[in-house]
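One file, input14.cif, carrying mmCIF, C-alpha atoms, pLDDT in the B column; chains and numbers go by the auth columns:
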```
data_start
loop_
_atom_site.group_PDB
_atom_site.id
_atom_site.type_symbol
_atom_site.label_atom_id
_atom_site.label_comp_id
_atom_site.label_asym_id
_atom_site.label_seq_id
_atom_site.Cartn_x
_atom_site.Cartn_y
_atom_site.Cartn_z
_atom_site.B_iso_or_equiv
_atom_site.auth_seq_id
_atom_site.auth_asym_id
ATOM 1 C CA MET A 1 20.457 -4.435 -63.198 55.00 1 S
ATOM 2 C CA SER A 2 18.604 -1.148 -63.833 72.00 2 S
ATOM 3 C CA PHE A 3 20.118 2.005 -65.232 74.00 3 S
ATOM 4 C CA GLY A 4 20.832 4.635 -62.547 78.00 4 S
ATOM 5 C CA TRP A 5 18.857 7.611 -63.829 82.00 5 S
ATOM 6 C CA ASN A 6 19.041 9.302 -60.431 87.00 6 S
ATOM 7 C CA PHE A 7 22.826 9.020 -60.486 83.00 7 S
ATOM 8 C CA VAL A 8 22.940 10.668 -63.917 84.00 8 S
ATOM 9 C CA ALA A 9 20.609 13.463 -62.824 88.00 9 S
ATOM 10 C CA ARG A 10 22.689 14.198 -59.717 89.00 10 S
ATOM 11 C CA ASN A 11 25.905 14.427 -61.697 88.00 11 S
ATOM 12 C CA LEU A 12 24.660 16.359 -64.717 90.00 12 S
ATOM 13 C CA PRO A 13 26.261 19.595 -63.431 90.00 13 S
ATOM 14 C CA LEU A 14 29.699 17.944 -63.507 90.00 14 S
ATOM 15 C CA PHE A 15 29.091 16.669 -67.041 91.00 15 S
ATOM 16 C CA ALA A 16 27.854 20.114 -68.054 93.00 16 S
ATOM 17 C CA GLU A 17 31.023 21.770 -66.737 92.00 17 S
ATOM 18 C CA GLY A 18 33.103 19.303 -68.718 93.00 18 S
ATOM 19 C CA ALA A 19 30.967 19.890 -71.812 94.00 19 S
ATOM 20 C CA ILE A 20 31.586 23.640 -71.610 94.00 20 S
ATOM 21 C CA VAL A 21 35.349 23.076 -71.619 95.00 21 S
ATOM 22 C CA THR A 22 34.992 20.600 -74.500 95.00 22 S
ATOM 23 C CA ILE A 23 32.984 23.132 -76.514 95.00 23 S
ATOM 24 C CA GLN A 24 35.505 25.887 -75.807 96.00 24 S
ATOM 25 C CA LEU A 25 38.399 23.679 -76.868 96.00 25 S
ATOM 26 C CA SER A 26 36.550 22.472 -79.970 96.00 26 S
ATOM 27 C CA VAL A 27 35.529 25.934 -81.170 95.00 27 S
ATOM 28 C CA LEU A 28 38.982 27.433 -80.662 97.00 28 S
ATOM 29 C CA ALA A 29 40.682 24.464 -82.343 96.00 29 S
ATOM 30 C CA ILE A 30 38.303 24.557 -85.312 95.00 30 S
ATOM 31 C CA LEU A 31 38.773 28.288 -85.893 96.00 31 S
ATOM 32 C CA ALA A 32 42.551 28.070 -85.504 97.00 32 S
ATOM 33 C CA ALA A 33 42.806 25.012 -87.770 96.00 33 S
ATOM 34 C CA LEU A 34 40.770 26.720 -90.496 94.00 34 S
ATOM 35 C CA VAL A 35 43.198 29.648 -90.536 95.00 35 S
ATOM 36 C CA TRP A 36 46.322 27.511 -90.159 96.00 36 S
ATOM 37 C CA GLY A 37 45.144 25.151 -92.884 95.00 37 S
ATOM 38 C CA LEU A 38 44.817 28.085 -95.284 91.00 38 S
ATOM 39 C CA VAL A 39 48.376 29.202 -94.498 94.00 39 S
ATOM 40 C CA ILE A 40 49.674 25.684 -95.103 95.00 40 S
ATOM 41 C CA VAL A 41 47.816 25.159 -98.384 93.00 41 S
ATOM 42 C CA LEU A 42 49.069 28.470 -99.767 90.00 42 S
ATOM 43 C CA ALA A 43 52.607 27.370 -98.911 93.00 43 S
ATOM 44 C CA ARG A 44 51.891 23.921 -100.382 93.00 44 S
ATOM 45 C CA LEU A 45 50.791 25.471 -103.686 87.00 45 S
ATOM 46 C CA SER A 46 53.582 28.044 -103.758 86.00 46 S
ATOM 47 C CA ARG A 47 55.924 28.241 -106.746 86.00 47 S
ATOM 48 C CA TRP A 48 58.817 28.442 -104.282 91.00 48 S
ATOM 49 C CA ARG A 49 59.946 24.826 -104.288 92.00 49 S
ATOM 50 C CA LEU A 50 61.525 24.885 -100.847 94.00 50 S
ATOM 51 C CA LEU A 51 58.392 26.367 -99.281 94.00 51 S
ATOM 52 C CA ALA A 52 56.157 23.866 -101.077 93.00 52 S
ATOM 53 C CA LEU A 53 58.334 20.936 -100.011 95.00 53 S
ATOM 54 C CA THR A 54 58.396 22.160 -96.413 95.00 54 S
ATOM 55 C CA ALA A 55 54.608 22.440 -96.337 95.00 55 S
ATOM 56 C CA THR A 56 54.244 18.985 -97.896 95.00 56 S
ATOM 57 C CA GLY A 57 56.622 17.488 -95.330 96.00 57 S
ATOM 58 C CA TYR A 58 54.728 19.191 -92.526 96.00 58 S
ATOM 59 C CA ILE A 59 51.392 17.805 -93.755 95.00 59 S
ATOM 60 C CA GLU A 60 52.772 14.274 -93.940 94.00 60 S
ATOM 61 C CA LEU A 61 54.329 14.567 -90.476 95.00 61 S
ATOM 62 C CA VAL A 62 51.221 15.769 -88.645 94.00 62 S
ATOM 63 C CA ARG A 63 48.843 13.463 -90.507 93.00 63 S
ATOM 64 C CA ASN A 64 50.915 10.337 -89.898 93.00 64 S
ATOM 65 C CA THR A 65 51.566 10.737 -86.181 94.00 65 S
ATOM 66 C CA PRO A 66 48.880 10.375 -83.482 94.00 66 S
ATOM 67 C CA VAL A 67 47.484 13.594 -82.081 94.00 67 S
ATOM 68 C CA LEU A 68 47.965 12.171 -78.568 94.00 68 S
ATOM 69 C CA VAL A 69 51.705 11.858 -79.208 95.00 69 S
ATOM 70 C CA GLN A 70 51.718 15.440 -80.472 95.00 70 S
ATOM 71 C CA MET A 71 49.952 16.607 -77.313 96.00 71 S
ATOM 72 C CA TYR A 72 52.567 14.896 -75.153 95.00 72 S
ATOM 73 C CA PHE A 73 55.396 16.253 -77.276 94.00 73 S
ATOM 74 C CA ILE A 74 54.105 19.823 -76.929 95.00 74 S
ATOM 75 C CA TYR A 75 53.172 19.574 -73.251 95.00 75 S
ATOM 76 C CA PHE A 76 56.294 17.818 -71.977 94.00 76 S
ATOM 77 C CA GLY A 77 58.717 18.957 -74.682 93.00 77 S
ATOM 78 C CA LEU A 78 58.053 22.656 -74.234 92.00 78 S
ATOM 79 C CA ALA A 79 58.164 22.293 -70.453 91.00 79 S
ATOM 80 C CA PHE A 80 61.578 20.607 -70.778 89.00 80 S
ATOM 81 C CA ALA A 81 62.704 23.512 -72.996 89.00 81 S
ATOM 82 C CA GLY A 82 61.628 26.008 -70.343 89.00 82 S
ATOM 83 C CA LEU A 83 58.460 27.108 -72.182 88.00 83 S
ATOM 84 C CA PRO A 84 55.676 25.349 -70.276 90.00 84 S
ATOM 85 C CA LEU A 85 52.102 25.489 -71.553 92.00 85 S
ATOM 86 C CA SER A 86 48.947 24.543 -69.726 93.00 86 S
ATOM 87 C CA GLY A 87 47.216 21.304 -70.617 93.00 87 S
ATOM 88 C CA PHE A 88 44.442 23.232 -72.364 95.00 88 S
ATOM 89 C CA ALA A 89 46.884 25.278 -74.456 96.00 89 S
ATOM 90 C CA SER A 90 48.927 22.192 -75.349 96.00 90 S
ATOM 91 C CA ALA A 91 45.836 20.291 -76.450 96.00 91 S
ATOM 92 C CA LEU A 92 44.626 23.282 -78.448 97.00 92 S
ATOM 93 C CA LEU A 93 47.975 23.654 -80.197 96.00 93 S
ATOM 94 C CA ALA A 94 48.191 19.936 -81.014 96.00 94 S
ATOM 95 C CA LEU A 95 44.640 19.828 -82.396 97.00 95 S
ATOM 96 C CA THR A 96 45.317 22.938 -84.466 97.00 96 S
ATOM 97 C CA LEU A 97 48.593 21.695 -85.895 96.00 97 S
ATOM 98 C CA GLN A 98 47.318 18.249 -86.836 96.00 98 S
ATOM 99 C CA ASN A 99 43.916 19.209 -88.163 96.00 99 S
ATOM 100 C CA GLY A 100 45.417 22.186 -89.967 95.00 100 S
ATOM 101 C CA GLY A 101 47.288 19.609 -92.046 95.00 101 S
ATOM 102 C CA TYR A 102 44.116 17.704 -92.859 95.00 102 S
ATOM 103 C CA ILE A 103 42.200 20.884 -93.638 95.00 103 S
ATOM 104 C CA ALA A 104 45.040 22.103 -95.870 95.00 104 S
ATOM 105 C CA GLU A 105 44.594 18.989 -97.999 94.00 105 S
ATOM 106 C CA ILE A 106 40.839 19.560 -98.112 94.00 106 S
ATOM 107 C CA TYR A 107 41.452 23.134 -99.227 92.00 107 S
ATOM 108 C CA ARG A 108 43.896 21.902 -101.862 90.00 108 S
ATOM 109 C CA ALA A 109 41.366 19.460 -103.277 88.00 109 S
ATOM 110 C CA GLY A 110 38.781 22.247 -103.501 86.00 110 S
ATOM 111 C CA ILE A 111 41.192 24.713 -105.100 83.00 111 S
ATOM 112 C CA GLU A 112 42.440 22.219 -107.668 82.00 112 S
ATOM 113 C CA SER A 113 38.867 21.315 -108.611 80.00 113 S
ATOM 114 C CA ILE A 114 38.321 24.803 -110.063 79.00 114 S
ATOM 115 C CA SER A 115 38.593 24.873 -113.844 75.00 115 S
ATOM 116 C CA ARG A 116 41.839 26.302 -115.160 76.00 116 S
ATOM 117 C CA ASN A 117 39.797 28.157 -117.782 76.00 117 S
ATOM 118 C CA GLN A 118 38.193 30.321 -115.090 75.00 118 S
ATOM 119 C CA ILE A 119 41.579 31.225 -113.654 73.00 119 S
ATOM 120 C CA ASP A 120 42.989 32.041 -117.099 71.00 120 S
ATOM 121 C CA ALA A 121 39.940 34.159 -117.907 77.00 121 S
ATOM 122 C CA ALA A 122 40.324 36.133 -114.685 73.00 122 S
ATOM 123 C CA ARG A 123 44.032 36.670 -115.324 72.00 123 S
ATOM 124 C CA GLY A 124 43.134 37.743 -118.868 74.00 124 S
ATOM 125 C CA LEU A 125 40.963 40.494 -117.388 72.00 125 S
ATOM 126 C CA GLY A 126 44.034 41.865 -115.635 71.00 126 S
ATOM 127 C CA MET A 127 43.388 40.434 -112.179 74.00 127 S
ATOM 128 C CA ARG A 128 46.439 39.653 -110.093 75.00 128 S
ATOM 129 C CA LYS A 129 47.040 36.158 -108.761 72.00 129 S
ATOM 130 C CA LEU A 130 45.985 36.919 -105.181 74.00 130 S
ATOM 131 C CA LEU A 131 42.842 38.678 -106.386 76.00 131 S
ATOM 132 C CA VAL A 132 41.964 35.687 -108.567 75.00 132 S
ATOM 133 C CA LEU A 133 42.457 33.423 -105.572 75.00 133 S
ATOM 134 C CA ARG A 134 40.294 35.580 -103.296 72.00 134 S
ATOM 135 C CA LEU A 135 37.458 36.396 -105.701 73.00 135 S
ATOM 136 C CA VAL A 136 37.318 33.442 -108.078 76.00 136 S
ATOM 137 C CA VAL A 137 38.968 30.359 -106.647 77.00 137 S
ATOM 138 C CA LEU A 138 38.372 30.368 -102.878 76.00 138 S
ATOM 139 C CA PRO A 139 34.617 31.168 -102.925 75.00 139 S
ATOM 140 C CA GLN A 140 33.906 28.301 -105.318 77.00 140 S
ATOM 141 C CA ALA A 141 36.297 25.952 -103.557 78.00 141 S
ATOM 142 C CA PHE A 142 34.615 26.677 -100.222 81.00 142 S
ATOM 143 C CA PHE A 143 31.240 25.597 -101.565 78.00 143 S
ATOM 144 C CA ARG A 144 32.702 22.271 -102.648 82.00 144 S
ATOM 145 C CA ILE A 145 34.562 21.398 -99.464 86.00 145 S
ATOM 146 C CA VAL A 146 31.822 22.043 -96.899 85.00 146 S
ATOM 147 C CA PRO A 147 30.973 18.322 -96.431 85.00 147 S
ATOM 148 C CA ALA A 148 34.627 17.323 -95.984 90.00 148 S
ATOM 149 C CA ILE A 149 35.291 20.224 -93.623 90.00 149 S
ATOM 150 C CA GLY A 150 32.227 19.244 -91.624 88.00 150 S
ATOM 151 C CA ASN A 151 33.511 15.697 -91.202 91.00 151 S
ATOM 152 C CA GLN A 152 36.804 17.095 -89.933 93.00 152 S
ATOM 153 C CA PHE A 153 34.963 19.246 -87.393 93.00 153 S
ATOM 154 C CA VAL A 154 33.262 16.140 -85.990 93.00 154 S
ATOM 155 C CA VAL A 155 36.619 14.366 -85.730 94.00 155 S
ATOM 156 C CA MET A 156 38.068 17.339 -83.866 95.00 156 S
ATOM 157 C CA ILE A 157 35.223 17.397 -81.351 95.00 157 S
ATOM 158 C CA LYS A 158 35.785 13.722 -80.571 94.00 158 S
ATOM 159 C CA ASP A 159 39.562 14.153 -80.389 95.00 159 S
ATOM 160 C CA THR A 160 39.181 16.719 -77.600 94.00 160 S
ATOM 161 C CA SER A 161 38.604 13.725 -75.326 93.00 161 S
ATOM 162 C CA LEU A 162 42.359 13.065 -75.523 94.00 162 S
ATOM 163 C CA ALA A 163 42.989 16.324 -73.656 94.00 163 S
ATOM 164 C CA SER A 164 41.951 14.495 -70.492 92.00 164 S
ATOM 165 C CA THR A 165 45.397 12.859 -70.509 91.00 165 S
ATOM 166 C CA LEU A 166 46.800 16.346 -69.831 92.00 166 S
ATOM 167 C CA SER A 167 44.352 16.825 -66.939 86.00 167 S
ATOM 168 C CA VAL A 168 42.139 19.224 -68.906 91.00 168 S
ATOM 169 C CA ALA A 169 38.759 19.355 -67.170 85.00 169 S
ATOM 170 C CA GLU A 170 36.697 18.436 -70.235 90.00 170 S
ATOM 171 C CA LEU A 171 34.026 15.735 -70.645 91.00 171 S
ATOM 172 C CA MET A 172 36.295 12.692 -70.583 92.00 172 S
ATOM 173 C CA GLN A 173 38.089 13.953 -67.508 91.00 173 S
ATOM 174 C CA ALA A 174 34.747 14.460 -65.779 89.00 174 S
ATOM 175 C CA ALA A 175 33.795 10.899 -66.697 90.00 175 S
ATOM 176 C CA ARG A 176 37.058 9.539 -65.309 90.00 176 S
ATOM 177 C CA ILE A 177 36.612 11.403 -62.037 89.00 177 S
ATOM 178 C CA LEU A 178 33.073 10.065 -61.610 89.00 178 S
ATOM 179 C CA THR A 179 34.135 6.529 -62.483 88.00 179 S
ATOM 180 C CA ASP A 180 36.921 6.616 -59.888 86.00 180 S
ATOM 181 C CA ARG A 181 34.577 8.000 -57.241 86.00 181 S
ATOM 182 C CA THR A 182 31.517 5.832 -57.829 84.00 182 S
ATOM 183 C CA ALA A 183 32.461 2.883 -60.062 79.00 183 S
ATOM 184 C CA ALA A 184 29.214 3.526 -61.943 82.00 184 S
ATOM 185 C CA THR A 185 30.984 2.878 -65.216 85.00 185 S
ATOM 186 C CA TYR A 186 27.905 2.039 -67.285 88.00 186 S
ATOM 187 C CA GLU A 187 25.946 5.162 -66.335 88.00 187 S
ATOM 188 C CA VAL A 188 28.977 7.415 -66.684 90.00 188 S
ATOM 189 C CA PHE A 189 29.977 6.336 -70.167 90.00 189 S
ATOM 190 C CA VAL A 190 26.435 6.133 -71.525 91.00 190 S
ATOM 191 C CA THR A 191 25.965 9.738 -70.402 92.00 191 S
ATOM 192 C CA LEU A 192 29.349 10.671 -71.856 93.00 192 S
ATOM 193 C CA ALA A 193 28.409 9.140 -75.211 93.00 193 S
ATOM 194 C CA ALA A 194 25.089 11.007 -75.163 94.00 194 S
ATOM 195 C CA PHE A 195 26.856 14.347 -74.646 94.00 195 S
ATOM 196 C CA TYR A 196 29.240 13.729 -77.544 95.00 196 S
ATOM 197 C CA LEU A 197 26.372 12.550 -79.726 95.00 197 S
ATOM 198 C CA VAL A 198 24.399 15.737 -79.054 94.00 198 S
ATOM 199 C CA MET A 199 27.389 17.980 -79.812 94.00 199 S
ATOM 200 C CA THR A 200 28.367 16.217 -83.023 94.00 200 S
ATOM 201 C CA ALA A 201 24.745 15.974 -84.157 93.00 201 S
ATOM 202 C CA PHE A 202 24.340 19.721 -83.639 92.00 202 S
ATOM 203 C CA VAL A 203 27.419 20.445 -85.755 91.00 203 S
ATOM 204 C CA THR A 204 26.230 18.018 -88.434 90.00 204 S
ATOM 205 C CA LEU A 205 22.816 19.702 -88.508 91.00 205 S
ATOM 206 C CA LEU A 206 24.379 23.142 -88.926 89.00 206 S
ATOM 207 C CA LEU A 207 26.497 21.868 -91.794 86.00 207 S
ATOM 208 C CA ARG A 208 23.492 20.266 -93.491 86.00 208 S
ATOM 209 C CA LEU A 209 21.694 23.599 -93.306 86.00 209 S
ATOM 210 C CA CYS A 210 24.793 25.298 -94.688 82.00 210 S
ATOM 211 C CA GLU A 211 24.932 22.832 -97.583 77.00 211 S
ATOM 212 C CA ARG A 212 21.268 23.478 -98.407 81.00 212 S
ATOM 213 C CA ARG A 213 21.815 27.220 -98.327 80.00 213 S
ATOM 214 C CA ILE A 214 24.802 26.886 -100.649 72.00 214 S
ATOM 215 C CA ALA A 215 22.805 24.666 -103.010 69.00 215 S
ATOM 216 C CA ALA A 216 20.042 27.272 -103.120 71.00 216 S
ATOM 217 C CA LEU A 217 22.532 30.007 -104.041 64.00 217 S
ATOM 218 C CA ARG A 218 23.934 28.109 -106.995 61.00 218 S
#
```

Rewritten as structure tokens:
Amino acid sequence: MSFGWNFVARNLPLFAEGAIVTIQLSVLAILAALVWGLVIVLARLSRWRLLALTATGYIELVRNTPVLVQMYFIYFGLAFAGLPLSGFASALLALTLQNGGYIAEIYRAGIESISRNQIDAARGLGMRKLLVLRLVVLPQAFFRIVPAIGNQFVVMIKDTSLASTLSVAELMQAARILTDRTAATYEVFVTLAAFYLVMTAFVTLLLRLCERRIAALR
């Protein structure tokens, strides 16, 4: 049985439309998770015990429950509470909340890798804690966590496929529609895999370039 190249060519526009939605969801989720992860790690490292414990509990909760369950909880739970969100918004919120927890732990590992001597020296120069964090700790920590952050970005791109369960018109949803219409399962999912491979490879390449640039600055 030969591969249906003509079928793939005819349906590329549908895959492309789904890819655009996937890219939009991925970019928004990545940006939101980066910011949310920073908020969580600052709470996690706070001297206020209650705040630190709350942040720790949050991280454990979101990291130890499936993101699909979180999507359903947000989508159906908020609708039941009279605050309905679209499938796209629900998926975005779930991806942000879960990956924010993972990214917070990556941030924490980077922050705690900075020598205490550097922090003490900066405080000895009269710098306040927040200034030390912004000028001394975070820049160095960022350089060290780029590979781990990059891996998390790739995971997030792949996890956007779960948004199809909320009828979001992304790549996986496009693949499901084509499979139902044509039963050309092999062609559909080979093409789907190729799209995801291109997107994740592009992100990986950008991160490799970023790592090289960072290495050159050191």

Next item on the list: Considering all atoms listed in the file, return as number ranges by chain whatever protein or nucleic-acid residues lie within 12 Å of Thr200 of chain S, sequence-local ones (same chain, fewer than 5 positions apart) excluded.
Entry: S: 22-23, 26, 150-159, 193-195, 205-207

For the selection you just gave me, I'd like the residues written to a file as a PDB file, in the coordinates of the input, keeping C-alpha atoms.
```pdb
ATOM      1  CA  THR S  22      34.992  20.600 -74.500  1.00 95.00           C
ATOM      2  CA  ILE S  23      32.984  23.132 -76.514  1.00 95.00           C
ATOM      3  CA  SER S  26      36.550  22.472 -79.970  1.00 96.00           C
ATOM      4  CA  GLY S 150      32.227  19.244 -91.624  1.00 88.00           C
ATOM      5  CA  ASN S 151      33.511  15.697 -91.202  1.00 91.00           C
ATOM      6  CA  GLN S 152      36.804  17.095 -89.933  1.00 93.00           C
ATOM      7  CA  PHE S 153      34.963  19.246 -87.393  1.00 93.00           C
ATOM      8  CA  VAL S 154      33.262  16.140 -85.990  1.00 93.00           C
ATOM      9  CA  VAL S 155      36.619  14.366 -85.730  1.00 94.00           C
ATOM     10  CA  MET S 156      38.068  17.339 -83.866  1.00 95.00           C
ATOM     11  CA  ILE S 157      35.223  17.397 -81.351  1.00 95.00           C
ATOM     12  CA  LYS S 158      35.785  13.722 -80.571  1.00 94.00           C
ATOM     13  CA  ASP S 159      39.562  14.153 -80.389  1.00 95.00           C
ATOM     14  CA  ALA S 193      28.409   9.140 -75.211  1.00 93.00           C
ATOM     15  CA  ALA S 194      25.089  11.007 -75.163  1.00 94.00           C
ATOM     16  CA  PHE S 195      26.856  14.347 -74.646  1.00 94.00           C
ATOM     17  CA  LEU S 205      22.816  19.702 -88.508  1.00 91.00           C
ATOM     18  CA  LEU S 206      24.379  23.142 -88.926  1.00 89.00           C
ATOM     19  CA  LEU S 207      26.497  21.868 -91.794  1.00 86.00           C
TER      20      LEU S 207
END
```

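Distance-wise, atom CA of Ile20 of chain S and atom CA of Ala94 of chain S end up 19.4 Å apart.
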
Check: Ala89 of chain S: which residues within 12 Å, counting all atoms listed in the file, same-chain residues fewer than 6 positions away excluded, as a VMD selection string?
Finding: chain S and resid 24 to 25 28 to 29 71 to 72 74 to 75 78 83 95 to 96 160 163 166 to 168

Checklist line | Expansion of the PyMOL selection byres ((chain S and resi 105) around 10) into residues, as a PyMOL selection string | finding: chain S and resi 37-38+40-41+44+56+59+99-104+106-111

Give me the box for segment 91-98 of chain S as lines of an AutoDock Vina configuration file, namely the centre and edge lengths in Å to one decimal of a box along x, y and z that holds every listed atom plus 4 Å on each side.
```
center_x = 46.6
center_y = 21.0
center_z = -81.6
size_x = 12.0
size_y = 13.4
size_z = 18.4
```

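Computed from the coordinates, the atom CA of Arg128 of chain S to atom CA of Leu53 of chain S distance equals 24.4 Å.
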
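Closest to Leu133 of chain S among S:Ala148, S:Met172, S:Ala55, S:Ile114 is S:Ile114, based on all atoms listed in the file.
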
Check: When the PyMOL selection byres ((chain S and resi 178) around 12) is applied to the file above, which residues end up in the set, as a PyMOL selection string?
Finding: chain S and resi 7-8+10-15+18+171-177+179-189+191-192

Mind writing the picked residues with C-alpha atoms as a PDB file, in the frame of the given file?
```
ATOM      1  CA  PHE S   7      22.826   9.020 -60.486  1.00 83.00           C
ATOM      2  CA  VAL S   8      22.940  10.668 -63.917  1.00 84.00           C
ATOM      3  CA  ARG S  10      22.689  14.198 -59.717  1.00 89.00           C
ATOM      4  CA  ASN S  11      25.905  14.427 -61.697  1.00 88.00           C
ATOM      5  CA  LEU S  12      24.660  16.359 -64.717  1.00 90.00           C
ATOM      6  CA  PRO S  13      26.261  19.595 -63.431  1.00 90.00           C
ATOM      7  CA  LEU S  14      29.699  17.944 -63.507  1.00 90.00           C
ATOM      8  CA  PHE S  15      29.091  16.669 -67.041  1.00 91.00           C
ATOM      9  CA  GLY S  18      33.103  19.303 -68.718  1.00 93.00           C
ATOM     10  CA  LEU S 171      34.026  15.735 -70.645  1.00 91.00           C
ATOM     11  CA  MET S 172      36.295  12.692 -70.583  1.00 92.00           C
ATOM     12  CA  GLN S 173      38.089  13.953 -67.508  1.00 91.00           C
ATOM     13  CA  ALA S 174      34.747  14.460 -65.779  1.00 89.00           C
ATOM     14  CA  ALA S 175      33.795  10.899 -66.697  1.00 90.00           C
ATOM     15  CA  ARG S 176      37.058   9.539 -65.309  1.00 90.00           C
ATOM     16  CA  ILE S 177      36.612  11.403 -62.037  1.00 89.00           C
ATOM     17  CA  THR S 179      34.135   6.529 -62.483  1.00 88.00           C
ATOM     18  CA  ASP S 180      36.921   6.616 -59.888  1.00 86.00           C
ATOM     19  CA  ARG S 181      34.577   8.000 -57.241  1.00 86.00           C
ATOM     20  CA  THR S 182      31.517   5.832 -57.829  1.00 84.00           C
ATOM     21  CA  ALA S 183      32.461   2.883 -60.062  1.00 79.00           C
ATOM     22  CA  ALA S 184      29.214   3.526 -61.943  1.00 82.00           C
ATOM     23  CA  THR S 185      30.984   2.878 -65.216  1.00 85.00           C
ATOM     24  CA  TYR S 186      27.905   2.039 -67.285  1.00 88.00           C
ATOM     25  CA  GLU S 187      25.946   5.162 -66.335  1.00 88.00           C
ATOM     26  CA  VAL S 188      28.977   7.415 -66.684  1.00 90.00           C
ATOM     27  CA  PHE S 189      29.977   6.336 -70.167  1.00 90.00           C
ATOM     28  CA  THR S 191      25.965   9.738 -70.402  1.00 92.00           C
ATOM     29  CA  LEU S 192      29.349  10.671 -71.856  1.00 93.00           C
TER      30      LEU S 192
END
```

Next item on the list: Can you work out the spacing between atom CA of Phe88 of chain S and atom CA of Val21 of chain S in Å, to one decimal?
Entry: 9.1 Å

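With all atoms listed in the file as the basis for measurement, S:Gln98 is the residue among S:Gln140, S:Ala121, S:Ile149, S:Gln98 that approaches Leu61 of chain S most closely.
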